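Beneath this line is the structure, given in structure tokens, with notes to follow.
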Protein chains: 2
Amino acid sequence: MAPNSALAAKRSAPIFAALGDETRLRLVTHLSNGEPMSITRLTDTAKVTRQAITKHLHVLEGAGLVRGVRQGREQLWELAPDKLEEARRCLELISEQWDRALERLRKFVES
Amino acid sequence: MAPNSALAAKRSAPIFAALGDETRLRLVTHLSNGEPMSITRLTDTAKVTRQAITKHLHVLEGAGLVRGVRQGREQLWELAPDKLEEARRCLELISEQWDRALERLRKFVES
DNA sequence: CGTATGCGCAACCATTTGGTTGCATTTAGC
DNA sequence: GCTAAATGCAACCAAATGGTTGCGCATACG
């Protein structure tokens, strides 16, 4: 295992967990066009209650994936892409290591 | 939202959910060097019971991330990187869309 | 052949999760 | 100022999750 992968796992797991729900992943993709959206607007395209959506948004917020801003009587939510990048790097690390392992195996077989 | 992102969410969410546990993510990084490992060996580096590890491995198998092969009295587990790639693409899709949104915003502000 | 190792299965348990409903509170707009 | 819209808060609930222990079974090995 890579040296600091234990730390990486500890940091990345909550992000993956937050993305690991269909409703939440759809919320993230909804917000991924960059436009902040209100809760009711986000609820319109979903199949569950506004309260459920609110809970999901707080879960995403807890993972650092979104942030909410109050504007008048509306609460607007927008994407916070830093953590997304972190998750992406974690996956890339794993697949890169796997690719290197495959490469070593190929060379070993060919020799 | 992108046209088929609903489908993407349905397919990707279970993968993220499987990766969204610290123990499981560490199992994946353990296996990411390409060498298949037995359950007891994987348990050695973990903090929980062999049974817990077995359960986690089955969760990862259910998500298509690992596969197990019986060899004598040992059950060896290895990474199945196709699904990893799928999750990686999903994240990349989201961040790309976000990048494009930022680009549009920048051009709008500058004009 | 007997023993120790590696696993699988099942039961059980506490906690978390995802969801609902009901009601209170703030703000926009006529 | 009154009404309707948007949200927050709290209680409650069923099901899933992560973990344990105990036991039984197959296989390697001296």
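Residue numbering restarts at 1 for every chain of the structure tokens, chains are lettered A, B, ... in their displayed order, and ligands are numbered from 1 as they appear.
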
Taking the backbone alone, and naming residues the way the document does, which bits of chain A are alpha helix (DSSP H) by DSSP, as a PyMOL selection string? chain A and resi 5-19+22-31+39-44+50-62+81-110

Any chance you could dump chain B, least-squares fitted to chain A on all C-alpha atoms in order, as a PDB file with C-alpha atoms, in the first residue's frame?
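Written out: selection.pdb:
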```pdb
ATOM      1  CA  MET B   1      -0.005  -0.013  -0.016  1.00  0.00           C
ATOM      2  CA  ALA B   2       1.144   3.508  -0.751  1.00  0.00           C
ATOM      3  CA  PRO B   3       2.674   5.295   2.242  1.00  0.00           C
ATOM      4  CA  ASN B   4      -0.060   7.785   3.136  1.00  0.00           C
ATOM      5  CA  SER B   5      -3.010   5.985   1.707  1.00  0.00           C
ATOM      6  CA  ALA B   6      -4.401   5.467   5.208  1.00  0.00           C
ATOM      7  CA  LEU B   7      -4.719   9.211   5.574  1.00  0.00           C
ATOM      8  CA  ALA B   8      -6.102   9.502   2.057  1.00  0.00           C
ATOM      9  CA  ALA B   9      -8.730   6.901   2.872  1.00  0.00           C
ATOM     10  CA  LYS B  10      -9.744   8.741   6.020  1.00  0.00           C
ATOM     11  CA  ARG B  11     -10.133  11.985   4.095  1.00  0.00           C
ATOM     12  CA  SER B  12     -11.721  10.601   0.963  1.00  0.00           C
ATOM     13  CA  ALA B  13     -14.176   8.075   2.384  1.00  0.00           C
ATOM     14  CA  PRO B  14     -16.625  10.704   3.702  1.00  0.00           C
ATOM     15  CA  ILE B  15     -16.648  12.378   0.288  1.00  0.00           C
ATOM     16  CA  PHE B  16     -17.427   9.120  -1.465  1.00  0.00           C
ATOM     17  CA  ALA B  17     -20.045   8.322   1.151  1.00  0.00           C
ATOM     18  CA  ALA B  18     -21.729  11.656   0.449  1.00  0.00           C
ATOM     19  CA  LEU B  19     -21.710  10.904  -3.277  1.00  0.00           C
ATOM     20  CA  GLY B  20     -22.898   7.357  -2.677  1.00  0.00           C
ATOM     21  CA  ASP B  21     -26.598   8.114  -2.702  1.00  0.00           C
ATOM     22  CA  GLU B  22     -28.540   8.492  -5.913  1.00  0.00           C
ATOM     23  CA  THR B  23     -30.533  11.502  -4.750  1.00  0.00           C
ATOM     24  CA  ARG B  24     -27.431  13.300  -3.549  1.00  0.00           C
ATOM     25  CA  LEU B  25     -25.439  12.467  -6.669  1.00  0.00           C
ATOM     26  CA  ARG B  26     -28.253  13.925  -8.737  1.00  0.00           C
ATOM     27  CA  LEU B  27     -28.218  17.054  -6.602  1.00  0.00           C
ATOM     28  CA  VAL B  28     -24.510  17.411  -7.291  1.00  0.00           C
ATOM     29  CA  THR B  29     -24.937  16.941 -11.026  1.00  0.00           C
ATOM     30  CA  HIS B  30     -27.782  19.450 -10.903  1.00  0.00           C
ATOM     31  CA  LEU B  31     -25.531  22.001  -9.288  1.00  0.00           C
ATOM     32  CA  SER B  32     -22.573  21.143 -11.491  1.00  0.00           C
ATOM     33  CA  ASN B  33     -23.590  23.667 -14.130  1.00  0.00           C
ATOM     34  CA  GLY B  34     -22.501  26.382 -11.721  1.00  0.00           C
ATOM     35  CA  GLU B  35     -25.854  28.013 -11.108  1.00  0.00           C
ATOM     36  CA  PRO B  36     -26.856  28.199  -7.423  1.00  0.00           C
ATOM     37  CA  MET B  37     -30.352  26.871  -6.815  1.00  0.00           C
ATOM     38  CA  SER B  38     -32.930  27.134  -4.057  1.00  0.00           C
ATOM     39  CA  ILE B  39     -34.169  24.137  -2.100  1.00  0.00           C
ATOM     40  CA  THR B  40     -37.684  24.186  -3.571  1.00  0.00           C
ATOM     41  CA  ARG B  41     -36.232  24.367  -7.058  1.00  0.00           C
ATOM     42  CA  LEU B  42     -33.973  21.411  -6.329  1.00  0.00           C
ATOM     43  CA  THR B  43     -36.941  19.559  -4.869  1.00  0.00           C
ATOM     44  CA  ASP B  44     -38.982  20.026  -8.044  1.00  0.00           C
ATOM     45  CA  THR B  45     -36.797  17.614 -10.005  1.00  0.00           C
ATOM     46  CA  ALA B  46     -36.589  15.064  -7.177  1.00  0.00           C
ATOM     47  CA  LYS B  47     -38.939  12.344  -6.039  1.00  0.00           C
ATOM     48  CA  VAL B  48     -38.820  13.004  -2.318  1.00  0.00           C
ATOM     49  CA  THR B  49     -39.927  15.681   0.122  1.00  0.00           C
ATOM     50  CA  ARG B  50     -38.334  19.061   0.534  1.00  0.00           C
ATOM     51  CA  GLN B  51     -37.235  17.976   4.005  1.00  0.00           C
ATOM     52  CA  ALA B  52     -35.440  14.971   2.570  1.00  0.00           C
ATOM     53  CA  ILE B  53     -33.670  17.227   0.075  1.00  0.00           C
ATOM     54  CA  THR B  54     -32.708  19.580   2.891  1.00  0.00           C
ATOM     55  CA  LYS B  55     -31.206  16.702   4.819  1.00  0.00           C
ATOM     56  CA  HIS B  56     -29.271  15.535   1.784  1.00  0.00           C
ATOM     57  CA  LEU B  57     -27.942  19.026   1.177  1.00  0.00           C
ATOM     58  CA  HIS B  58     -26.693  19.155   4.751  1.00  0.00           C
ATOM     59  CA  VAL B  59     -24.963  15.815   4.269  1.00  0.00           C
ATOM     60  CA  LEU B  60     -23.250  17.183   1.167  1.00  0.00           C
ATOM     61  CA  GLU B  61     -22.342  20.319   3.105  1.00  0.00           C
ATOM     62  CA  GLY B  62     -20.858  18.194   5.878  1.00  0.00           C
ATOM     63  CA  ALA B  63     -18.624  16.555   3.293  1.00  0.00           C
ATOM     64  CA  GLY B  64     -17.598  19.982   2.025  1.00  0.00           C
ATOM     65  CA  LEU B  65     -19.125  19.402  -1.393  1.00  0.00           C
ATOM     66  CA  VAL B  66     -21.660  22.229  -1.384  1.00  0.00           C
ATOM     67  CA  ARG B  67     -22.206  25.445   0.453  1.00  0.00           C
ATOM     68  CA  GLY B  68     -25.401  27.371   1.144  1.00  0.00           C
ATOM     69  CA  VAL B  69     -26.015  31.096   1.032  1.00  0.00           C
ATOM     70  CA  ARG B  70     -29.061  32.855   2.396  1.00  0.00           C
ATOM     71  CA  GLN B  71     -30.653  35.293  -0.001  1.00  0.00           C
ATOM     72  CA  GLY B  72     -33.857  36.887   1.164  1.00  0.00           C
ATOM     73  CA  ARG B  73     -36.241  34.149   2.109  1.00  0.00           C
ATOM     74  CA  GLU B  74     -34.460  31.677  -0.118  1.00  0.00           C
ATOM     75  CA  GLN B  75     -31.519  29.449   0.715  1.00  0.00           C
ATOM     76  CA  LEU B  76     -29.343  29.033  -2.358  1.00  0.00           C
ATOM     77  CA  TRP B  77     -26.924  26.123  -2.690  1.00  0.00           C
ATOM     78  CA  GLU B  78     -23.865  25.948  -4.895  1.00  0.00           C
ATOM     79  CA  LEU B  79     -21.124  23.455  -5.613  1.00  0.00           C
ATOM     80  CA  ALA B  80     -17.774  23.661  -3.796  1.00  0.00           C
ATOM     81  CA  PRO B  81     -15.543  21.853  -6.281  1.00  0.00           C
ATOM     82  CA  ASP B  82     -12.398  21.534  -4.142  1.00  0.00           C
ATOM     83  CA  LYS B  83     -13.544  18.326  -2.519  1.00  0.00           C
ATOM     84  CA  LEU B  84     -14.684  16.901  -5.832  1.00  0.00           C
ATOM     85  CA  GLU B  85     -11.142  17.348  -7.039  1.00  0.00           C
ATOM     86  CA  GLU B  86      -9.864  15.553  -3.959  1.00  0.00           C
ATOM     87  CA  ALA B  87     -12.072  12.535  -4.628  1.00  0.00           C
ATOM     88  CA  ARG B  88     -11.020  12.537  -8.260  1.00  0.00           C
ATOM     89  CA  ARG B  89      -7.358  12.506  -7.274  1.00  0.00           C
ATOM     90  CA  CYS B  90      -7.962   9.618  -4.890  1.00  0.00           C
ATOM     91  CA  LEU B  91      -9.523   7.508  -7.629  1.00  0.00           C
ATOM     92  CA  GLU B  92      -6.752   8.448 -10.001  1.00  0.00           C
ATOM     93  CA  LEU B  93      -4.164   7.390  -7.463  1.00  0.00           C
ATOM     94  CA  ILE B  94      -5.728   3.967  -7.152  1.00  0.00           C
ATOM     95  CA  SER B  95      -6.091   3.384 -10.860  1.00  0.00           C
ATOM     96  CA  GLU B  96      -2.576   4.649 -11.538  1.00  0.00           C
ATOM     97  CA  GLN B  97      -1.148   2.233  -9.023  1.00  0.00           C
ATOM     98  CA  TRP B  98      -3.143  -0.515 -10.642  1.00  0.00           C
ATOM     99  CA  ASP B  99      -1.847   0.463 -14.067  1.00  0.00           C
ATOM    100  CA  ARG B 100       1.724   0.321 -12.821  1.00  0.00           C
ATOM    101  CA  ALA B 101       1.083  -3.123 -11.342  1.00  0.00           C
ATOM    102  CA  LEU B 102      -0.262  -4.300 -14.693  1.00  0.00           C
ATOM    103  CA  GLU B 103       2.768  -2.857 -16.440  1.00  0.00           C
ATOM    104  CA  ARG B 104       5.140  -4.700 -14.094  1.00  0.00           C
ATOM    105  CA  LEU B 105       3.189  -7.894 -14.640  1.00  0.00           C
ATOM    106  CA  ARG B 106       3.360  -7.477 -18.419  1.00  0.00           C
ATOM    107  CA  LYS B 107       7.123  -6.959 -18.350  1.00  0.00           C
ATOM    108  CA  PHE B 108       7.549  -9.946 -16.078  1.00  0.00           C
ATOM    109  CA  VAL B 109       5.534 -12.192 -18.380  1.00  0.00           C
ATOM    110  CA  GLU B 110       7.389 -10.975 -21.469  1.00  0.00           C
ATOM    111  CA  SER B 111      10.837 -11.492 -19.970  1.00  0.00           C
TER     112      SER B 111
END
```

Distance filter 8 Å, only C-alpha atoms (C1' of nucleotides), chain C against chain A, as a PyMOL selection string: chain C and resi 18-19+26-28

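Taking stretch 24-79 of chain A and asking which residues DSSP calls strand (DSSP E or B) on the backbone, you get Met37, Ser38, Val66, Arg67, Gly68, Val69, Arg70, Gln71, Glu74, Gln75, Leu76, Trp77, Glu78 and Leu79 of chain A.
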
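Of the listed residues D:DA10, D:DC2, D:DC29, D:DA15, the one whose atoms come nearest to chain A is D:DA10, with distances taken using only C-alpha atoms (C1' of nucleotides).
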
- Message: If the cut-off is 10 Å, can you tell me the residues of chain D near chain B, counting only C-alpha atoms (C1' of nucleotides)? I'd like them as number ranges by chain.
- Response: D: 18-20, 26-28

Would you save the residues from that selection as a PDB file, in the first residue's frame, using C-alpha atoms (C1' of nucleotides)?
```pdb
ATOM      1  C1'  DG D  18     -21.273  -2.147  10.538  1.00  0.00           C
ATOM      2  C1'  DG D  19     -19.930  -4.818  13.928  1.00  0.00           C
ATOM      3  C1'  DT D  20     -19.609  -8.848  17.055  1.00  0.00           C
ATOM      4  C1'  DA D  26     -13.102 -28.122   4.241  1.00  0.00           C
ATOM      5  C1'  DT D  27      -8.260 -28.338   3.329  1.00  0.00           C
ATOM      6  C1'  DA D  28      -3.262 -28.319   4.101  1.00  0.00           C
TER       7       DA D  28
END
```

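In this structure, atom C1' of C:DA4 sits 16.2 Å away from atom C1' of D:DC23.
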
Neighbours of C:DT25 within 10 Å (only C-alpha atoms (C1' of nucleotides); same-chain residues fewer than 6 positions away dropped), as a ChimeraX atom specification?
/D:7-9

Export, as a CSV table (one decimal), in the first residue's frame, the selected residues with C-alpha atoms (C1' of nucleotides).
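Final output, part-v6.csv:
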```csv
chain,number,residue,atom,x,y,z
D,7,DT,C1',-37.5,27.5,4.8
D,8,DG,C1',-36.3,25.6,9.6
D,9,DC,C1',-37.0,22.5,13.5
```
